[in-house]
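Asks: Contents of upload33.cif (mmCIF, C-alpha atoms):
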data_work
loop_
_atom_site.group_PDB
_atom_site.id
_atom_site.type_symbol
_atom_site.label_atom_id
_atom_site.label_comp_id
_atom_site.auth_asym_id
_atom_site.auth_seq_id
_atom_site.Cartn_x
_atom_site.Cartn_y
_atom_site.Cartn_z
ATOM 1 C CA MET Q 1 209.507 90.616 -7.156
ATOM 2 C CA ALA Q 2 212.010 90.521 -9.987
ATOM 3 C CA LYS Q 3 215.117 92.601 -10.215
ATOM 4 C CA ARG Q 4 214.870 95.851 -12.155
ATOM 5 C CA PHE Q 5 215.200 95.123 -15.857
ATOM 6 C CA PHE Q 6 214.941 98.536 -17.516
ATOM 7 C CA CYS Q 7 215.347 102.232 -16.844
ATOM 8 C CA ALA Q 8 212.007 103.794 -15.995
ATOM 9 C CA PRO Q 9 210.483 106.256 -18.484
ATOM 10 C CA SER Q 10 208.888 109.175 -16.696
ATOM 11 C CA PRO Q 11 205.473 110.398 -17.900
ATOM 12 C CA SER Q 12 206.905 113.787 -18.820
ATOM 13 C CA MET Q 13 209.524 112.128 -21.048
ATOM 14 C CA SER Q 14 207.011 110.011 -22.967
ATOM 15 C CA PHE Q 15 204.720 112.850 -24.047
ATOM 16 C CA LYS Q 16 205.542 116.404 -25.093
ATOM 17 C CA PHE Q 17 202.871 119.094 -25.049
ATOM 18 C CA ARG Q 18 202.441 122.259 -27.140
ATOM 19 C CA GLU Q 19 204.493 120.889 -30.048
ATOM 20 C CA ALA Q 20 201.819 119.410 -32.346
ATOM 21 C CA SER Q 21 200.192 121.557 -35.007
ATOM 22 C CA PHE Q 22 196.502 122.471 -34.943
ATOM 23 C CA ASP Q 23 195.814 120.230 -37.959
ATOM 24 C CA LEU Q 24 197.548 117.251 -36.356
ATOM 25 C CA LEU Q 25 195.660 117.714 -33.082
ATOM 26 C CA THR Q 26 192.390 117.997 -35.001
ATOM 27 C CA ASP Q 27 193.091 114.757 -36.877
ATOM 28 C CA CYS Q 28 194.080 112.939 -33.675
ATOM 29 C CA LEU Q 29 190.969 114.098 -31.855
ATOM 30 C CA PHE Q 30 188.723 113.134 -34.771
ATOM 31 C CA ASN Q 31 190.334 109.699 -34.948
ATOM 32 C CA LEU Q 32 189.981 109.095 -31.197
ATOM 33 C CA ASN Q 33 186.351 110.169 -31.262
ATOM 34 C CA LYS Q 34 185.586 107.830 -34.172
ATOM 35 C CA ARG Q 35 187.337 104.887 -32.520
ATOM 36 C CA ASN Q 36 185.501 105.549 -29.275
ATOM 37 C CA LYS Q 37 182.113 105.611 -31.019
ATOM 38 C CA ASP Q 38 182.932 102.486 -33.044
ATOM 39 C CA ASN Q 39 183.925 100.690 -29.849
ATOM 40 C CA LEU Q 40 180.745 101.743 -28.036
ATOM 41 C CA ASN Q 41 178.644 100.545 -30.966
ATOM 42 C CA SER Q 42 180.187 97.070 -30.917
ATOM 43 C CA LEU Q 43 180.349 96.278 -27.207
ATOM 44 C CA SER Q 44 180.156 92.673 -26.071
ATOM 45 C CA LYS Q 45 177.772 91.613 -23.312
ATOM 46 C CA CYS Q 46 180.865 90.514 -21.376
ATOM 47 C CA CYS Q 47 182.756 93.795 -21.679
ATOM 48 C CA GLY Q 48 184.380 94.883 -18.442
ATOM 49 C CA ASN Q 49 184.456 91.379 -16.960
ATOM 50 C CA PHE Q 50 188.238 91.254 -17.189
ATOM 51 C CA LYS Q 51 188.805 94.683 -15.656
ATOM 52 C CA ASP Q 52 188.701 93.323 -12.129
ATOM 53 C CA LYS Q 53 190.623 95.390 -9.572
ATOM 54 C CA ARG Q 54 193.072 92.623 -8.670
ATOM 55 C CA LEU Q 55 193.742 91.787 -12.300
ATOM 56 C CA MET Q 56 194.347 95.404 -13.297
ATOM 57 C CA GLU Q 57 196.556 95.919 -10.259
ATOM 58 C CA ALA Q 58 198.633 92.891 -11.276
ATOM 59 C CA ILE Q 59 199.072 94.279 -14.805
ATOM 60 C CA PHE Q 60 200.056 97.706 -13.476
ATOM 61 C CA LEU Q 61 202.600 96.087 -11.126
ATOM 62 C CA VAL Q 62 204.142 94.045 -13.956
ATOM 63 C CA THR Q 63 204.301 97.177 -16.108
ATOM 64 C CA LYS Q 64 205.978 99.101 -13.298
ATOM 65 C CA GLU Q 65 208.396 96.294 -12.445
ATOM 66 C CA LEU Q 66 209.514 96.020 -16.069
ATOM 67 C CA ARG Q 67 209.731 99.826 -16.276
ATOM 68 C CA LEU Q 68 207.379 100.064 -19.253
ATOM 69 C CA ASP Q 69 205.519 103.156 -20.332
ATOM 70 C CA PRO Q 70 202.167 103.342 -18.460
ATOM 71 C CA LEU Q 71 200.471 103.292 -21.883
ATOM 72 C CA ALA Q 72 201.517 99.650 -22.222
ATOM 73 C CA GLY Q 73 199.722 98.688 -19.009
ATOM 74 C CA TYR Q 74 196.411 100.247 -20.043
ATOM 75 C CA HIS Q 75 196.728 98.782 -23.514
ATOM 76 C CA ALA Q 76 197.416 95.327 -22.065
ATOM 77 C CA VAL Q 77 194.168 95.553 -20.079
ATOM 78 C CA GLU Q 78 192.210 96.285 -23.261
ATOM 79 C CA LEU Q 79 193.934 93.482 -25.199
ATOM 80 C CA LEU Q 80 193.254 91.004 -22.400
ATOM 81 C CA GLN Q 81 189.585 91.994 -22.258
ATOM 82 C CA ARG Q 82 189.108 91.520 -25.997
ATOM 83 C CA PHE Q 83 191.086 88.282 -26.183
ATOM 84 C CA MET Q 84 189.435 86.562 -23.217
ATOM 85 C CA VAL Q 85 185.906 87.369 -24.362
ATOM 86 C CA LYS Q 86 186.594 85.961 -27.834
ATOM 87 C CA HIS Q 87 188.639 83.010 -26.558
ATOM 88 C CA LEU Q 88 185.995 81.906 -24.053
ATOM 89 C CA THR Q 89 183.215 82.407 -26.577
ATOM 90 C CA ASP Q 90 185.046 80.176 -29.057
ATOM 91 C CA LEU Q 91 185.794 77.495 -26.456
ATOM 92 C CA LEU Q 92 182.293 77.359 -24.986
ATOM 93 C CA SER Q 93 180.557 77.420 -28.361
ATOM 94 C CA THR Q 94 182.402 74.338 -29.595
ATOM 95 C CA PRO Q 95 179.765 71.838 -30.830
ATOM 96 C CA THR Q 96 179.054 69.024 -28.359
ATOM 97 C CA PRO Q 97 177.859 65.529 -29.315
ATOM 98 C CA GLN Q 98 174.112 65.240 -29.848
ATOM 99 C CA GLY Q 99 172.302 63.741 -26.903
ATOM 100 C CA ALA Q 100 175.008 64.712 -24.418
ATOM 101 C CA ALA Q 101 173.669 64.804 -20.883
ATOM 102 C CA ALA Q 102 173.604 67.994 -18.815
ATOM 103 C CA ASP Q 103 176.266 66.685 -16.464
ATOM 104 C CA GLN Q 104 178.534 65.988 -19.454
ATOM 105 C CA LEU Q 105 178.122 69.564 -20.669
ATOM 106 C CA GLU Q 106 178.883 70.879 -17.203
ATOM 107 C CA SER Q 107 181.928 68.642 -16.997
ATOM 108 C CA TYR Q 108 183.154 69.984 -20.349
ATOM 109 C CA GLU Q 109 182.809 73.587 -19.179
ATOM 110 C CA ASP Q 110 184.659 72.788 -15.950
ATOM 111 C CA ALA Q 111 187.477 71.229 -17.973
ATOM 112 C CA VAL Q 112 187.676 74.340 -20.167
ATOM 113 C CA PHE Q 113 187.974 76.648 -17.169
ATOM 114 C CA ASP Q 114 190.476 74.386 -15.385
ATOM 115 C CA LYS Q 115 192.717 74.344 -18.448
ATOM 116 C CA LEU Q 116 192.363 78.086 -18.885
ATOM 117 C CA LYS Q 117 193.197 78.685 -15.230
ATOM 118 C CA GLU Q 118 196.604 77.080 -15.779
ATOM 119 C CA LYS Q 119 197.366 79.262 -18.799
ATOM 120 C CA PHE Q 120 195.862 82.502 -17.521
ATOM 121 C CA PRO Q 121 198.966 84.052 -15.854
ATOM 122 C CA LEU Q 122 200.937 83.567 -19.064
ATOM 123 C CA ILE Q 123 198.068 84.950 -21.159
ATOM 124 C CA VAL Q 124 198.062 88.089 -19.002
ATOM 125 C CA PHE Q 125 201.814 88.464 -19.433
ATOM 126 C CA SER Q 126 201.534 87.905 -23.199
ATOM 127 C CA CYS Q 127 199.107 90.834 -23.389
ATOM 128 C CA VAL Q 128 201.645 93.017 -21.572
ATOM 129 C CA GLN Q 129 204.406 91.774 -23.870
ATOM 130 C CA LEU Q 130 202.368 92.547 -27.005
ATOM 131 C CA ALA Q 131 201.407 95.967 -25.658
ATOM 132 C CA SER Q 132 205.071 96.793 -25.013
ATOM 133 C CA LYS Q 133 205.800 96.361 -28.718
ATOM 134 C CA LEU Q 134 203.269 98.974 -29.819
ATOM 135 C CA PHE Q 135 205.041 102.046 -28.450
ATOM 136 C CA LEU Q 136 208.288 102.932 -30.206
ATOM 137 C CA HIS Q 137 209.530 105.232 -27.408
ATOM 138 C CA SER Q 138 209.106 102.489 -24.783
ATOM 139 C CA GLN Q 139 211.065 99.391 -23.820
ATOM 140 C CA ILE Q 140 210.091 96.128 -25.518
ATOM 141 C CA ILE Q 141 209.849 92.841 -23.645
ATOM 142 C CA ASP Q 142 211.795 90.284 -25.657
ATOM 143 C CA ASN Q 143 211.537 86.554 -24.927
ATOM 144 C CA ASN Q 144 214.756 86.461 -22.882
ATOM 145 C CA THR Q 145 213.449 89.186 -20.573
ATOM 146 C CA ALA Q 146 210.050 87.487 -20.447
ATOM 147 C CA VAL Q 147 211.514 84.152 -19.327
ATOM 148 C CA ARG Q 148 213.728 85.792 -16.680
ATOM 149 C CA PHE Q 149 210.857 87.818 -15.290
ATOM 150 C CA LEU Q 150 208.411 84.910 -15.223
ATOM 151 C CA HIS Q 151 210.987 82.729 -13.489
ATOM 152 C CA SER Q 152 211.541 85.443 -10.884
ATOM 153 C CA VAL Q 153 207.832 85.433 -9.970
ATOM 154 C CA GLY Q 154 207.519 81.650 -9.786
ATOM 155 C CA HIS Q 155 206.492 80.631 -13.319
ATOM 156 C CA SER Q 156 209.038 78.304 -14.933
ATOM 157 C CA VAL Q 157 208.479 78.510 -18.672
ATOM 158 C CA SER Q 158 210.613 78.148 -21.778
ATOM 159 C CA LYS Q 159 211.098 80.670 -24.563
ATOM 160 C CA GLN Q 160 209.053 78.407 -26.810
ATOM 161 C CA THR Q 161 206.130 78.468 -24.367
ATOM 162 C CA VAL Q 162 206.304 82.267 -24.139
ATOM 163 C CA LEU Q 163 206.342 82.531 -27.936
ATOM 164 C CA GLU Q 164 203.420 80.118 -28.339
ATOM 165 C CA SER Q 165 201.349 82.034 -25.797
ATOM 166 C CA GLU Q 166 202.069 85.338 -27.502
ATOM 167 C CA LEU Q 167 201.102 83.897 -30.891
ATOM 168 C CA MET Q 168 197.913 82.412 -29.437
ATOM 169 C CA VAL Q 169 196.849 85.823 -28.109
ATOM 170 C CA LEU Q 170 197.862 87.526 -31.345
ATOM 171 C CA LYS Q 171 195.826 85.086 -33.446
ATOM 172 C CA GLY Q 172 192.921 85.293 -31.014
ATOM 173 C CA LEU Q 173 192.874 89.050 -31.521
ATOM 174 C CA GLU Q 174 193.021 88.416 -35.279
ATOM 175 C CA TYR Q 175 196.216 90.520 -35.321
ATOM 176 C CA GLU Q 176 194.157 93.602 -34.490
ATOM 177 C CA LEU Q 177 195.994 95.351 -31.639
ATOM 178 C CA ASN Q 178 194.594 98.846 -32.099
ATOM 179 C CA ALA Q 179 192.352 99.044 -29.008
ATOM 180 C CA PRO Q 180 191.069 102.184 -27.211
ATOM 181 C CA ASN Q 181 193.585 103.249 -24.574
ATOM 182 C CA PRO Q 182 192.263 105.596 -21.841
ATOM 183 C CA LEU Q 183 195.669 107.181 -21.248
ATOM 184 C CA THR Q 184 195.908 108.122 -24.934
ATOM 185 C CA TYR Q 185 192.604 109.966 -24.604
ATOM 186 C CA VAL Q 186 193.904 111.857 -21.571
ATOM 187 C CA GLU Q 187 197.102 112.818 -23.408
ATOM 188 C CA ILE Q 188 195.399 114.080 -26.569
ATOM 189 C CA LEU Q 189 192.684 115.927 -24.660
ATOM 190 C CA LEU Q 190 195.329 117.624 -22.520
ATOM 191 C CA ASP Q 191 197.297 118.612 -25.605
ATOM 192 C CA VAL Q 192 194.191 120.112 -27.250
ATOM 193 C CA LEU Q 193 193.306 121.828 -23.963
ATOM 194 C CA GLY Q 194 196.785 123.351 -23.745
ATOM 195 C CA HIS Q 195 196.553 124.538 -27.352
ATOM 196 C CA ASN Q 196 193.159 126.187 -26.817
ATOM 197 C CA GLU Q 197 193.896 127.549 -23.344
ATOM 198 C CA PRO Q 198 197.658 128.289 -22.979
ATOM 199 C CA SER Q 199 197.200 129.376 -19.349
ATOM 200 C CA ILE Q 200 196.229 125.851 -18.262
ATOM 201 C CA PRO Q 201 199.261 124.039 -16.704
ATOM 202 C CA VAL Q 202 198.818 120.860 -18.749
ATOM 203 C CA GLU Q 203 202.319 119.576 -17.998
ATOM 204 C CA GLN Q 204 201.624 119.544 -14.258
ATOM 205 C CA LEU Q 205 198.127 118.183 -14.802
ATOM 206 C CA TYR Q 206 199.562 115.318 -16.837
ATOM 207 C CA GLU Q 207 201.663 114.090 -13.929
ATOM 208 C CA LEU Q 208 198.610 114.106 -11.674
ATOM 209 C CA CYS Q 209 196.346 112.565 -14.307
ATOM 210 C CA HIS Q 210 198.427 109.382 -14.184
ATOM 211 C CA HIS Q 211 197.569 108.908 -10.516
ATOM 212 C CA VAL Q 212 193.911 109.827 -11.006
ATOM 213 C CA LEU Q 213 193.473 107.465 -13.963
ATOM 214 C CA GLN Q 214 195.088 104.611 -12.083
ATOM 215 C CA TYR Q 215 192.878 105.267 -9.064
ATOM 216 C CA ILE Q 216 189.716 105.261 -11.195
ATOM 217 C CA SER Q 217 190.838 102.082 -12.967
ATOM 218 C CA LEU Q 218 191.398 100.261 -9.671
ATOM 219 C CA GLN Q 219 188.179 101.596 -8.121
ATOM 220 C CA ARG Q 220 186.261 101.171 -11.355
ATOM 221 C CA THR Q 221 183.319 99.171 -9.995
ATOM 222 C CA ALA Q 222 182.638 101.396 -6.991
ATOM 223 C CA ILE Q 223 182.986 104.649 -8.943
ATOM 224 C CA TYR Q 224 180.749 103.631 -11.832
ATOM 225 C CA ASP Q 225 178.155 102.166 -9.452
ATOM 226 C CA SER Q 226 178.022 105.532 -7.690
ATOM 227 C CA LEU Q 227 177.825 107.343 -11.030
ATOM 228 C CA LEU Q 228 174.918 105.109 -12.065
ATOM 229 C CA GLU Q 229 173.095 105.953 -8.833
ATOM 230 C CA THR Q 230 173.763 109.661 -9.381
ATOM 231 C CA THR Q 231 172.550 109.518 -12.981
ATOM 232 C CA THR Q 232 169.401 107.497 -12.312
ATOM 233 C CA GLN Q 233 168.695 108.907 -8.841
ATOM 234 C CA CYS Q 234 168.078 105.306 -7.819
ATOM 235 C CA VAL Q 235 169.964 103.318 -5.162
ATOM 236 C CA ASN Q 236 169.201 99.990 -6.852
ATOM 237 C CA PRO Q 237 168.775 100.657 -10.583
ATOM 238 C CA PRO Q 238 166.963 97.912 -12.522
ATOM 239 C CA ARG Q 239 168.871 95.496 -14.730
ATOM 240 C CA GLU Q 240 167.784 97.266 -17.919
ATOM 241 C CA GLN Q 241 169.369 100.534 -16.790
ATOM 242 C CA ARG Q 242 172.547 98.732 -15.743
ATOM 243 C CA GLU Q 243 172.841 97.114 -19.166
ATOM 244 C CA LYS Q 244 172.402 100.455 -20.927
ATOM 245 C CA PHE Q 245 174.959 102.025 -18.597
ATOM 246 C CA VAL Q 246 177.706 99.794 -20.046
ATOM 247 C CA THR Q 247 178.217 102.378 -22.776
ATOM 248 C CA VAL Q 248 179.147 104.843 -20.034
ATOM 249 C CA THR Q 249 181.621 102.514 -18.298
ATOM 250 C CA GLU Q 250 183.398 101.868 -21.616
ATOM 251 C CA ASP Q 251 183.400 105.488 -22.837
ATOM 252 C CA CYS Q 252 187.079 106.486 -23.055
ATOM 253 C CA MET Q 253 186.253 110.075 -23.966
ATOM 254 C CA LEU Q 254 184.132 110.537 -20.834
ATOM 255 C CA LEU Q 255 186.825 108.882 -18.751
ATOM 256 C CA GLY Q 256 189.470 111.175 -20.234
ATOM 257 C CA VAL Q 257 187.610 114.413 -19.495
ATOM 258 C CA GLY Q 258 186.674 113.130 -16.047
ATOM 259 C CA VAL Q 259 190.288 112.368 -15.183
ATOM 260 C CA ILE Q 260 191.413 115.839 -16.279
ATOM 261 C CA ALA Q 261 188.603 117.525 -14.321
ATOM 262 C CA VAL Q 262 189.541 115.651 -11.127
ATOM 263 C CA ALA Q 263 193.237 116.485 -11.583
ATOM 264 C CA THR Q 264 192.337 120.145 -12.122
ATOM 265 C CA PHE Q 265 190.267 120.231 -8.941
ATOM 266 C CA ILE Q 266 193.210 118.839 -6.975
ATOM 267 C CA LEU Q 267 195.937 120.958 -8.596
ATOM 268 C CA CYS Q 268 194.280 124.312 -9.350
ATOM 269 C CA VAL Q 269 190.628 124.425 -8.377
ATOM 270 C CA ARG Q 270 190.240 128.032 -9.555
ATOM 271 C CA LYS Q 271 190.779 126.800 -13.118
ATOM 272 C CA LEU Q 272 188.138 124.082 -12.803
ATOM 273 C CA GLU Q 273 185.211 125.904 -14.387
ATOM 274 C CA GLN Q 274 187.365 127.091 -17.293
ATOM 275 C CA VAL Q 275 188.751 123.585 -17.864
ATOM 276 C CA VAL Q 276 185.352 121.864 -17.696
ATOM 277 C CA GLU Q 277 183.814 124.352 -20.133
ATOM 278 C CA GLU Q 278 186.684 123.909 -22.581
ATOM 279 C CA LEU Q 279 186.576 120.100 -22.310
ATOM 280 C CA SER Q 280 182.849 120.243 -22.982
ATOM 281 C CA HIS Q 281 183.514 122.418 -26.041
ATOM 282 C CA ILE Q 282 186.218 120.031 -27.302
ATOM 283 C CA THR Q 283 184.306 116.770 -26.840
ATOM 284 C CA GLY Q 284 180.628 117.706 -26.930
ATOM 285 C CA ILE Q 285 180.152 116.064 -23.526
ATOM 286 C CA SER Q 286 178.000 118.271 -21.312
ATOM 287 C CA ALA Q 287 179.599 120.158 -18.437
ATOM 288 C CA ARG Q 288 177.042 118.509 -16.151
ATOM 289 C CA SER Q 289 178.176 115.009 -17.175
ATOM 290 C CA ILE Q 290 181.830 115.949 -16.665
ATOM 291 C CA GLY Q 291 180.963 117.463 -13.284
ATOM 292 C CA ASP Q 292 179.011 114.378 -12.196
ATOM 293 C CA PHE Q 293 181.911 112.096 -13.100
ATOM 294 C CA ALA Q 294 184.463 114.292 -11.315
ATOM 295 C CA ASN Q 295 182.223 114.738 -8.292
ATOM 296 C CA VAL Q 296 181.675 111.001 -7.836
ATOM 297 C CA THR Q 297 185.391 110.302 -8.214
ATOM 298 C CA LEU Q 298 186.352 112.977 -5.701
ATOM 299 C CA MET Q 299 183.763 111.636 -3.263
ATOM 300 C CA HIS Q 300 185.533 108.284 -3.362
ATOM 301 C CA ILE Q 301 189.006 109.814 -3.107
ATOM 302 C CA VAL Q 302 188.186 111.806 0.034
ATOM 303 C CA LYS Q 303 185.809 109.293 1.619
ATOM 304 C CA THR Q 304 188.364 108.297 4.238
ATOM 305 C CA SER Q 305 189.881 111.765 4.625
ATOM 306 C CA SER Q 306 189.326 113.539 7.942
ATOM 307 C CA SER Q 307 190.206 116.989 6.608
ATOM 308 C CA ILE Q 308 187.782 117.200 3.661
ATOM 309 C CA SER Q 309 184.189 116.028 3.759
ATOM 310 C CA PRO Q 310 182.429 114.616 0.660
ATOM 311 C CA THR Q 311 179.727 117.284 1.041
ATOM 312 C CA SER Q 312 182.206 120.132 0.663
ATOM 313 C CA VAL Q 313 183.577 118.614 -2.539
ATOM 314 C CA SER Q 314 180.103 118.291 -4.005
ATOM 315 C CA ILE Q 315 179.207 121.907 -3.219
ATOM 316 C CA THR Q 316 182.465 123.147 -4.760
ATOM 317 C CA LEU Q 317 181.827 121.324 -8.019
ATOM 318 C CA ILE Q 318 178.195 122.321 -8.292
ATOM 319 C CA HIS Q 319 179.016 125.995 -7.939
#
Could I get this file's structure written as structure tokens?

Replies:
Amino acid sequence: MAKRFFCAPSPSMSFKFREASFDLLTDCLFNLNKRNKDNLNSLSKCCGNFKDKRLMEAIFLVTKELRLDPLAGYHAVELLQRFMVKHLTDLLSTPTPQGAAADQLESYEDAVFDKLKEKFPLIVFSCVQLASKLFLHSQIIDNNTAVRFLHSVGHSVSKQTVLESELMVLKGLEYELNAPNPLTYVEILLDVLGHNEPSIPVEQLYELCHHVLQYISLQRTAIYDSLLETTTQCVNPPREQREKFVTVTEDCMLLGVGVIAVATFILCVRKLEQVVEELSHITGISARSIGDFANVTLMHIVKTSSSISPTSVSITLIH
């Protein structure tokens, strides 16, 4: 990998708890809730297709290597998802000549994907670069750093190429970079939780939440498949139920409370019931839904552990 380019910001340095006023926290929570609902009401049929484990892992590794705030990595994932869905839709909906044969249409689609395959690594990096510019307390990837880093990982590109790729993504997103960021939801929910319940060790939970959120992001498919089975009580849910379940997989508020509940179980299990009840009060999400999400996640975390059985975790959460 590339040499270290920046000094690493620690999670505790990038977010301070118990300093915001009640009014500010209320406004932030209201805004996050509205954005989450707006996002869920305008989901694309292709949402989640670009949240593949290997792709997200690559983005997290680039973010770590360039010593960016973790927020930038999660934001880059959301920007990439939105851009690729729109970009592919535009490319594949381009009018074709009347009377074109089926094999010609197939050949056109193959050409589109082949061309996109060549550009894709740079598109991914452009999303990370754009995300790095949205957080004032974080490092920003300028074009000089971008070229050096890309060269170090085997992609020989010029500054002009980097700039053109960044502009292409920016225009494709219609200059709208304000996407839901799951880590932001975790941070604000923790801050509200700490305000309402001063005895909760939110600073320590925050450190652990980073690891839990990353784990859930990388195991996204397996965890949400298990959650779907738990919710429907069906091993092979029908297609209709899977399509409706997309609103659950893209719900940042549910993900945020689930992450905090899992971190609480790991760090201070005696506080779990108190935390889940307060999170339910804050968000309106039922304690049962929060418990189901946390239970499924913990089942996956301890699946290969010899010291804790999945059954014991389930019993602990239910009671």

Asks: Please, what distance in Å, to one decimal, runs between atom CA of Q:Thr264 and atom CA of Q:Gly284?

Replies: 19.0 Å

Asks: Between atom CA of Q:Ala58 and atom CA of Q:Ser132, what is the distance, to one decimal in Å?

Replies: 15.7 Å

Asks: Between Q:Ala263, Q:Leu66, Q:Ala76, Q:Ala131, which residue has the minimum interatomic distance to Q:Cys209, considering all atoms listed in the file?

Replies: Q:Ala263

Asks: Quick check, in Å to one decimal: how far apart do atom CA of Q:Gln204 and atom CA of Q:Phe17 lie?

Replies: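 Taking atom CA of Q:Gln204 as the start and atom CA of Q:Phe17 as the end point, the length is 10.9 Å.
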
Asks: May I ask which of the residues Q:Asp38, Q:His155, Q:Gly172, Q:Leu24 is the closest one to Q:Lys86, counting only C-alpha atoms?

Replies: Q:Gly172

Asks: Find the residues with any atom within 12 Å of (202.5, 97.0, -14.9); use all atoms listed in the file and the coordinates as given in the file, and write the answer as a PyMOL selection string.

Replies: chain Q and resi 8+55-77+124-125+127-129+131-132+214

Asks: Leaving out Q:Ser165 and any residue of its chain fewer than 3 positions from it, which residues lie within 10 Å of it when counting all atoms listed in the file, given as number ranges by chain?

Replies: Q: 119-120, 122-127, 159-162, 168-171

Asks: Run the PyMOL selection byres ((chain Q and resi 271) around 12) against the file shown and list the residues it catches, as number ranges by chain.

Replies: Q: 197, 199-202, 205, 260-270, 272-278, 317

Asks: With the PyMOL selection byres ((chain Q and resi 220) around 12) as the selection, what would be picked from this file? Answer as JSON, numbers by chain, please.

Replies: {"Q": [48, 49, 50, 51, 52, 53, 54, 56, 57, 212, 213, 214, 215, 216, 217, 218, 219, 221, 222, 223, 224, 225, 226, 227, 248, 249, 250, 255, 293, 296, 297, 300]}

Asks: Neighbouring residues of Q:Val192 were defined as those with any atom within 12 Å, considering all atoms listed in the file; residues of the same chain fewer than 2 positions away were excluded. Please report them as a ChimeraX atom specification.

Replies: /Q:17-30,185-190,194-198,200,202,257,275,278-279,281-283

Asks: Convert the output of the PyMOL selection byres ((chain Q and resi 180) around 9) on the shown file into explicit residues, formatted as a count of residues only.

Replies: 13

Asks: Could you check which of Q:His210, Q:Glu166, Q:Phe113, Q:Val157 is closest to Q:Ile141, using all atoms listed in the file?

Replies: Q:Glu166

Asks: I'd like to know which of Q:Ser280, Q:Thr230, Q:Thr247, Q:Ser289 is closest to Q:Lys37, using only C-alpha atoms.

Replies: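 Result for the nearest residue to Q:Lys37: Q:Thr247.
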
Asks: Would you please work out which residue, of Q:Lys244, Q:Ser156, Q:Leu80, Q:Val259, is nearest to Q:Ala294 when using all atoms listed in the file?

Replies: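 Closest residue, counting all atoms listed in the file: Q:Val259.
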